[in-house]
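Participant: I'd like to ask you about the structure that follows.
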Amino acid sequence: MAENLSAENGDDNIEIFDYKKGVKHLIDTSPHLNKLPSQYILQLPKSPLSAPLAHVPVIDLHGLNNGSHSESRVSAVKAISSACETWGFFRIVNHGIKMSVMDEMVKVAEEFFELSWDEKMKYGSEDVMSPVRYGTSLNTSKKHSLHWRDYFRHYGHQNTLHLWPLNPPNYRNVAKEYLEEIWELAMKIGGAISEGLGLDQNYLEESFGEGLQILAANYYPKCPQPEKTLGLAAHSDHGALTILMQNGVNGLQIKHNQDWVSVHHVPGTFLVNVGDCLEILSNGKYKSVEHRATVNAQRTRISIAVGHGPALSSTIGPASQLVDQKDSVRYRSITYKDYIELQQSSTIRGKSALQAVTTK
Ligand code: OGA
Ligand code: NI
């Protein structure tokens, strides 16, 4: 490892490289790093920074506040179902969450990453199911090419607040408010999605039962050779719906019609995407979308992704109303917990976990 590094890095003098301390630690301790350590160099067919810009559908959620039969609700439901079918990714405006609540959440996440490594390591874990987890690169502890990301994840909605960080001191309050508001928002969108699928408006929420929310705070520091690596490899999210925001720095890319396209930051908005549970529930009508994160040489990027899915012990499978003789069950049933383990433990990303439960 050290050999590779000195060969790659010439004068940088990084003899000992403890990647487990994460990329923030690496750049803090090697401020003059001007080449990417070889372990982070990924085999990419072309520079991820060359992907063109795409405009994902923009949905005004205001209409969802109105009664079921109002014209504005009907048109918002239609717009959401069409966005789920064509893109699987959309931007929401008029979502009702104050900019100050969004900004505070990004701020406490940033303050968390700025803590000392020892402090952050109080939350370090190799267990993919741990309700609180700090780490670097991909989520799995299996051997893999390194990715330019540190992350911090924890559950929400279920009673795990006592496990969240005590430092920064306002972390728990800020994250609690943020996650509660985001849960409400996800259920509102989930109601529209259920309706758009021809199901009862409460279908998604009821099938979630107790429901699990997972917050992932991603930290992508400035990177010396961003064209050679990624912050996060291509993957689809295991939950049903993810609600994502970022600190004003671009980096999200999604796979649309087989090509990678960049989705830009728009202040005050969230991006919402279809995850594997929703693909399964809809029996394949809506497809989860592969996405990845690029990094850049100028600015640290922080993103906060919040996933929403059923309780860990629930069985996920297609809604029976959406399965008919013509269109048989396309996914075998599995508990959400087993599904997460299947997905998170693998170093093969993309949609490999979903393929493993596809019946054809
Ligand atoms: C994730 C994710 C994308 C980003 O955390 O699952 O896809 O833009 N993040 O950081
Ligand atoms: Ni994701």
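Residues are referred to by chain and number: the chain letter is A, B, ... according to the order shown in the structure tokens, the number counts from 1 in that chain, and ligands are numbered separately from 1 in the order shown.
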Find the residues near Val101 (chain A): any atom within 9 Å, counting only C-alpha atoms, skip ones fewer than 5 places away on the same chain, and give them as a ChimeraX atom specification.

Facilitator: /A:106,174,177-178

Participant: What are the nearest atom pairs, with distances in Å to one decimal, for all residues of chain A that come at most 7 Å from ligand 1, using only C-alpha atoms and all ligand atoms, set out by chain and rising residue number as JSON lines?

Facilitator:
{"residue": "A:Ala216", "atom": "CA", "partner": "ligand 1", "partner_atom_place_in_ligand_line": "5 (O)", "distance": 5.4}
{"residue": "A:Ala217", "atom": "CA", "partner": "ligand 1", "partner_atom_place_in_ligand_line": "5 (O)", "distance": 6.9}
{"residue": "A:Asn218", "atom": "CA", "partner": "ligand 1", "partner_atom_place_in_ligand_line": "10 (O)", "distance": 5.7}
{"residue": "A:Asp237", "atom": "CA", "partner": "ligand 1", "partner_atom_place_in_ligand_line": "6 (O)", "distance": 5.9}
{"residue": "A:Gly251", "atom": "CA", "partner": "ligand 1", "partner_atom_place_in_ligand_line": "8 (O)", "distance": 6.0}
{"residue": "A:Leu252", "atom": "CA", "partner": "ligand 1", "partner_atom_place_in_ligand_line": "8 (O)", "distance": 4.3}
{"residue": "A:His291", "atom": "CA", "partner": "ligand 1", "partner_atom_place_in_ligand_line": "7 (O)", "distance": 6.1}
{"residue": "A:Arg292", "atom": "CA", "partner": "ligand 1", "partner_atom_place_in_ligand_line": "7 (O)", "distance": 5.9}
{"residue": "A:Ala293", "atom": "CA", "partner": "ligand 1", "partner_atom_place_in_ligand_line": "8 (O)", "distance": 5.1}
{"residue": "A:Ser303", "atom": "CA", "partner": "ligand 1", "partner_atom_place_in_ligand_line": "10 (O)", "distance": 4.8}
{"residue": "A:Ile304", "atom": "CA", "partner": "ligand 1", "partner_atom_place_in_ligand_line": "10 (O)", "distance": 6.9}
{"residue": "A:Ala305", "atom": "CA", "partner": "ligand 1", "partner_atom_place_in_ligand_line": "5 (O)", "distance": 5.0}

Participant: Just to be explicit: take each residue in the selection above, keep N, CA, C and O atoms, and write the result as a PDB file, in the first residue's frame.

Facilitator:
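Printed below is result_19.pdb as written:
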ATOM      1  N   ALA A 216     -28.630   9.540   5.963  1.00  0.00           N
ATOM      2  CA  ALA A 216     -27.215   9.379   5.617  1.00  0.00           C
ATOM      3  C   ALA A 216     -26.653  10.762   5.335  1.00  0.00           C
ATOM      4  O   ALA A 216     -27.128  11.458   4.436  1.00  0.00           O
ATOM      5  N   ALA A 217     -25.684  11.180   6.142  1.00  0.00           N
ATOM      6  CA  ALA A 217     -24.987  12.439   5.892  1.00  0.00           C
ATOM      7  C   ALA A 217     -23.677  12.065   5.204  1.00  0.00           C
ATOM      8  O   ALA A 217     -22.906  11.260   5.723  1.00  0.00           O
ATOM      9  N   ASN A 218     -23.472  12.619   4.016  1.00  0.00           N
ATOM     10  CA  ASN A 218     -22.279  12.286   3.232  1.00  0.00           C
ATOM     11  C   ASN A 218     -21.363  13.492   3.179  1.00  0.00           C
ATOM     12  O   ASN A 218     -21.813  14.617   2.950  1.00  0.00           O
ATOM     13  N   ASP A 237     -31.277   3.062  -4.109  1.00  0.00           N
ATOM     14  CA  ASP A 237     -31.515   3.080  -2.662  1.00  0.00           C
ATOM     15  C   ASP A 237     -32.438   1.918  -2.291  1.00  0.00           C
ATOM     16  O   ASP A 237     -33.378   1.619  -3.016  1.00  0.00           O
ATOM     17  N   GLY A 251     -22.931  17.529  -7.561  1.00  0.00           N
ATOM     18  CA  GLY A 251     -22.196  16.257  -7.552  1.00  0.00           C
ATOM     19  C   GLY A 251     -23.089  15.054  -7.804  1.00  0.00           C
ATOM     20  O   GLY A 251     -22.594  13.973  -8.101  1.00  0.00           O
ATOM     21  N   LEU A 252     -24.401  15.233  -7.712  1.00  0.00           N
ATOM     22  CA  LEU A 252     -25.280  14.088  -7.924  1.00  0.00           C
ATOM     23  C   LEU A 252     -25.415  13.782  -9.417  1.00  0.00           C
ATOM     24  O   LEU A 252     -25.582  14.688 -10.227  1.00  0.00           O
ATOM     25  N   HIS A 291     -27.902   5.936  -9.118  1.00  0.00           N
ATOM     26  CA  HIS A 291     -27.311   7.265  -9.018  1.00  0.00           C
ATOM     27  C   HIS A 291     -25.938   7.141  -8.361  1.00  0.00           C
ATOM     28  O   HIS A 291     -25.605   6.090  -7.797  1.00  0.00           O
ATOM     29  N   ARG A 292     -25.153   8.188  -8.448  1.00  0.00           N
ATOM     30  CA  ARG A 292     -23.808   8.182  -7.868  1.00  0.00           C
ATOM     31  C   ARG A 292     -23.431   9.612  -7.529  1.00  0.00           C
ATOM     32  O   ARG A 292     -24.145  10.557  -7.891  1.00  0.00           O
ATOM     33  N   ALA A 293     -22.327   9.775  -6.823  1.00  0.00           N
ATOM     34  CA  ALA A 293     -21.894  11.132  -6.481  1.00  0.00           C
ATOM     35  C   ALA A 293     -20.477  11.350  -6.993  1.00  0.00           C
ATOM     36  O   ALA A 293     -19.588  10.512  -6.770  1.00  0.00           O
ATOM     37  N   SER A 303     -24.025  16.146   1.544  1.00  0.00           N
ATOM     38  CA  SER A 303     -25.411  15.860   1.171  1.00  0.00           C
ATOM     39  C   SER A 303     -26.068  15.106   2.310  1.00  0.00           C
ATOM     40  O   SER A 303     -25.399  14.408   3.082  1.00  0.00           O
ATOM     41  N   ILE A 304     -27.371  15.298   2.414  1.00  0.00           N
ATOM     42  CA  ILE A 304     -28.150  14.597   3.435  1.00  0.00           C
ATOM     43  C   ILE A 304     -29.242  13.832   2.696  1.00  0.00           C
ATOM     44  O   ILE A 304     -30.138  14.442   2.092  1.00  0.00           O
ATOM     45  N   ALA A 305     -29.125  12.510   2.719  1.00  0.00           N
ATOM     46  CA  ALA A 305     -30.134  11.672   2.055  1.00  0.00           C
ATOM     47  C   ALA A 305     -30.945  10.989   3.140  1.00  0.00           C
ATOM     48  O   ALA A 305     -30.377  10.430   4.078  1.00  0.00           O
TER      49      ALA A 305
END

Participant: Could you find all residues in region 173-278 of chain A that DSSP calls strand (DSSP E or B) from the backbone, and write them as a PyMOL selection string?

Facilitator: chain A and resi 212-220+232-235+241-246+252-256+259-262+270-274

Participant: Using only C-alpha atoms and all ligand atoms, which residues of chain A come within 12 Å of ligand 2, and what is the closest atom pair for each, with the distance in Å to one decimal? Give it as a Markdown table, sorted by chain and residue number.

Facilitator:
| residue | atom | partner | partner_atom_place_in_ligand_line | distance |
| --- | --- | --- | --- | --- |
| A:Phe89 | CA | ligand 2 | 1 (Ni) | 11.3 |
| A:Leu138 | CA | ligand 2 | 1 (Ni) | 11.3 |
| A:Asn139 | CA | ligand 2 | 1 (Ni) | 11.4 |
| A:Ile214 | CA | ligand 2 | 1 (Ni) | 11.2 |
| A:Leu215 | CA | ligand 2 | 1 (Ni) | 10.8 |
| A:Ala216 | CA | ligand 2 | 1 (Ni) | 8.9 |
| A:Ala217 | CA | ligand 2 | 1 (Ni) | 10.9 |
| A:Asn218 | CA | ligand 2 | 1 (Ni) | 10.2 |
| A:Gly231 | CA | ligand 2 | 1 (Ni) | 11.3 |
| A:Leu232 | CA | ligand 2 | 1 (Ni) | 8.3 |
| A:Ala233 | CA | ligand 2 | 1 (Ni) | 9.2 |
| A:Ala234 | CA | ligand 2 | 1 (Ni) | 8.3 |
| A:His235 | CA | ligand 2 | 1 (Ni) | 6.3 |
| A:Ser236 | CA | ligand 2 | 1 (Ni) | 5.8 |
| A:Asp237 | CA | ligand 2 | 1 (Ni) | 4.9 |
| A:His238 | CA | ligand 2 | 1 (Ni) | 8.4 |
| A:Gly239 | CA | ligand 2 | 1 (Ni) | 9.6 |
| A:Ala240 | CA | ligand 2 | 1 (Ni) | 11.4 |
| A:Leu241 | CA | ligand 2 | 1 (Ni) | 10.1 |
| A:Thr242 | CA | ligand 2 | 1 (Ni) | 7.5 |
| A:Ile243 | CA | ligand 2 | 1 (Ni) | 9.5 |
| A:Leu244 | CA | ligand 2 | 1 (Ni) | 8.6 |
| A:Met245 | CA | ligand 2 | 1 (Ni) | 11.5 |
| A:Leu252 | CA | ligand 2 | 1 (Ni) | 9.4 |
| A:Gln253 | CA | ligand 2 | 1 (Ni) | 10.2 |
| A:Ile254 | CA | ligand 2 | 1 (Ni) | 9.8 |
| A:Leu271 | CA | ligand 2 | 1 (Ni) | 11.0 |
| A:Val272 | CA | ligand 2 | 1 (Ni) | 10.4 |
| A:Asn273 | CA | ligand 2 | 1 (Ni) | 8.6 |
| A:Val274 | CA | ligand 2 | 1 (Ni) | 10.0 |
| A:Gly275 | CA | ligand 2 | 1 (Ni) | 8.5 |
| A:Asp276 | CA | ligand 2 | 1 (Ni) | 10.8 |
| A:Ser288 | CA | ligand 2 | 1 (Ni) | 10.3 |
| A:Val289 | CA | ligand 2 | 1 (Ni) | 9.0 |
| A:Glu290 | CA | ligand 2 | 1 (Ni) | 7.9 |
| A:His291 | CA | ligand 2 | 1 (Ni) | 6.3 |
| A:Arg292 | CA | ligand 2 | 1 (Ni) | 7.0 |
| A:Ala293 | CA | ligand 2 | 1 (Ni) | 8.7 |
| A:Ser303 | CA | ligand 2 | 1 (Ni) | 10.3 |
| A:Ile304 | CA | ligand 2 | 1 (Ni) | 9.9 |
| A:Ala305 | CA | ligand 2 | 1 (Ni) | 7.0 |
| A:Val306 | CA | ligand 2 | 1 (Ni) | 8.9 |
| A:Gly307 | CA | ligand 2 | 1 (Ni) | 8.4 |
| A:His308 | CA | ligand 2 | 1 (Ni) | 11.7 |
| A:Gln343 | CA | ligand 2 | 1 (Ni) | 12.0 |
| A:Gln344 | CA | ligand 2 | 1 (Ni) | 11.7 |
| A:Arg349 | CA | ligand 2 | 1 (Ni) | 11.0 |
| A:Gly350 | CA | ligand 2 | 1 (Ni) | 10.5 |
| A:Lys351 | CA | ligand 2 | 1 (Ni) | 11.4 |

Participant: So what do you get for CA of Val132 (chain A) versus CA of Arg153 (chain A), distance-wise?

Facilitator: 5.7 Å

Participant: Considering only C-alpha atoms, can you say which of A:Cys84, A:Leu354, A:Val261, A:Ile302 comes closest to Pro52 (chain A)?

Facilitator: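 The answer is A:Val261, which sits nearest to Pro52 (chain A).
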
Participant: Please identify which residues in region 73-274 of chain A DSSP calls alpha helix (DSSP H) from the backbone, and express them as a VMD selection string.

Facilitator: chain A and resid 73 to 86 99 to 113 117 to 121 171 to 196 203 to 208

Participant: Skip region 20-33 of chain A itself and residues of its chain fewer than 5 positions away, then list as a list in words all residues within 7 Å of it, counting only C-alpha atoms.

Facilitator: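 That gives Asp12, Thr136, Trp148, Arg149, Asp150, Pro221 and Pro224 of chain A.
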
Participant: Residues at most 12 Å from Glu104 (chain A), counting only C-alpha atoms, excluding those fewer than 4 positions away in the same chain, as a ChimeraX atom specification?

Facilitator: /A:97-100,108-111,168,170-178,246-247,304

Participant: Tell me which protein, DNA and RNA residues are within 9 Å of Leu163 (chain A), counting only C-alpha atoms, leaving out same-chain ones fewer than 6 positions away, and put them as a list in words.

Facilitator: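 Listed by chain and then number, they are Tyr123, Pro131, Val132 and His154 of chain A.
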
Participant: Got time to write the residues from that selection, N, CA and C atoms, as a compact mmCIF listing (two decimals), in the first residue's frame?

Facilitator:
# COMPACT_ATOMS: atom_id res chain seq x y z
N TYR A 123 -18.92 6.46 17.12
CA TYR A 123 -20.08 5.95 16.38
C TYR A 123 -19.65 5.01 15.25
N PRO A 131 -27.78 0.88 14.12
CA PRO A 131 -28.68 2.03 14.02
C PRO A 131 -27.95 3.38 13.95
N VAL A 132 -26.67 3.39 14.31
CA VAL A 132 -25.86 4.60 14.20
C VAL A 132 -24.50 4.17 13.68
N HIS A 154 -27.80 7.31 10.59
CA HIS A 154 -28.55 6.78 11.73
C HIS A 154 -30.02 6.67 11.41

Participant: Would you pick out the contacts of region 188-191 of chain A at 6 Å or less, using only C-alpha atoms, so that residues sharing its chain but fewer than 2 positions from it are not included, and give the list as a list of chain:residue names?

Facilitator: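 My list of contacting residues is A:Leu185, A:Ala186, A:Ile193, A:Ser194, A:Gln201, A:Asn202, A:Leu204.
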
Participant: Create the file for the chosen residues now, containing all heavy atoms and written as a compact mmCIF listing (two decimals), in the first residue's frame.

Facilitator:
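Output file result_5.txt is given in full below:
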# COMPACT_ATOMS: atom_id res chain seq x y z
N LEU A 185 -43.37 14.70 5.13
CA LEU A 185 -43.29 15.00 3.70
C LEU A 185 -43.27 13.71 2.87
O LEU A 185 -43.96 13.59 1.86
CB LEU A 185 -42.02 15.84 3.45
CG LEU A 185 -41.69 16.24 2.03
CD1 LEU A 185 -42.82 17.08 1.42
CD2 LEU A 185 -40.37 17.04 1.99
N ALA A 186 -42.50 12.74 3.32
CA ALA A 186 -42.42 11.47 2.58
C ALA A 186 -43.79 10.78 2.56
O ALA A 186 -44.17 10.19 1.54
CB ALA A 186 -41.37 10.55 3.22
N ILE A 193 -48.28 8.93 -4.45
CA ILE A 193 -47.76 7.81 -5.25
C ILE A 193 -48.74 6.63 -5.19
O ILE A 193 -49.05 6.00 -6.21
CB ILE A 193 -46.34 7.42 -4.79
CG1 ILE A 193 -45.35 8.51 -5.22
CG2 ILE A 193 -45.93 6.05 -5.34
CD1 ILE A 193 -43.92 8.28 -4.79
N SER A 194 -49.24 6.34 -3.97
CA SER A 194 -50.20 5.23 -3.82
C SER A 194 -51.41 5.49 -4.70
O SER A 194 -51.86 4.60 -5.45
CB SER A 194 -50.66 5.11 -2.36
OG SER A 194 -49.54 4.95 -1.51
N GLN A 201 -55.09 5.73 -0.81
CA GLN A 201 -54.13 6.80 -0.50
C GLN A 201 -53.20 6.44 0.68
O GLN A 201 -52.06 6.90 0.74
CB GLN A 201 -54.90 8.08 -0.19
CG GLN A 201 -54.11 9.31 -0.48
CD GLN A 201 -54.81 10.55 0.09
OE1 GLN A 201 -54.37 11.12 1.07
NE2 GLN A 201 -55.88 10.97 -0.56
N ASN A 202 -53.68 5.61 1.58
CA ASN A 202 -52.85 5.25 2.76
C ASN A 202 -51.99 4.01 2.53
O ASN A 202 -51.34 3.55 3.45
CB ASN A 202 -53.74 4.94 3.97
CG ASN A 202 -54.54 6.15 4.36
OD1 ASN A 202 -54.07 7.27 4.20
ND2 ASN A 202 -55.76 5.93 4.83
N LEU A 204 -49.15 3.06 1.04
CA LEU A 204 -47.72 3.02 1.33
C LEU A 204 -47.47 3.16 2.83
O LEU A 204 -46.73 2.37 3.43
CB LEU A 204 -46.99 4.12 0.56
CG LEU A 204 -45.48 4.04 0.64
CD1 LEU A 204 -44.92 3.50 -0.68
CD2 LEU A 204 -44.86 5.39 0.91

Participant: For CA of Phe112 (chain A) and CA of Leu342 (chain A), determine how far apart the two atoms are, in Å to one decimal place.

Facilitator: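 Atom-to-atom, CA of Phe112 (chain A) to CA of Leu342 (chain A), that is 28.9 Å.
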
Participant: Leaving out Val329 (chain A) and any residue of its chain fewer than 3 positions from it, which residues lie within 7 Å of it when counting only C-alpha atoms, given as a ChimeraX atom specification?

Facilitator: /A:283,318,323
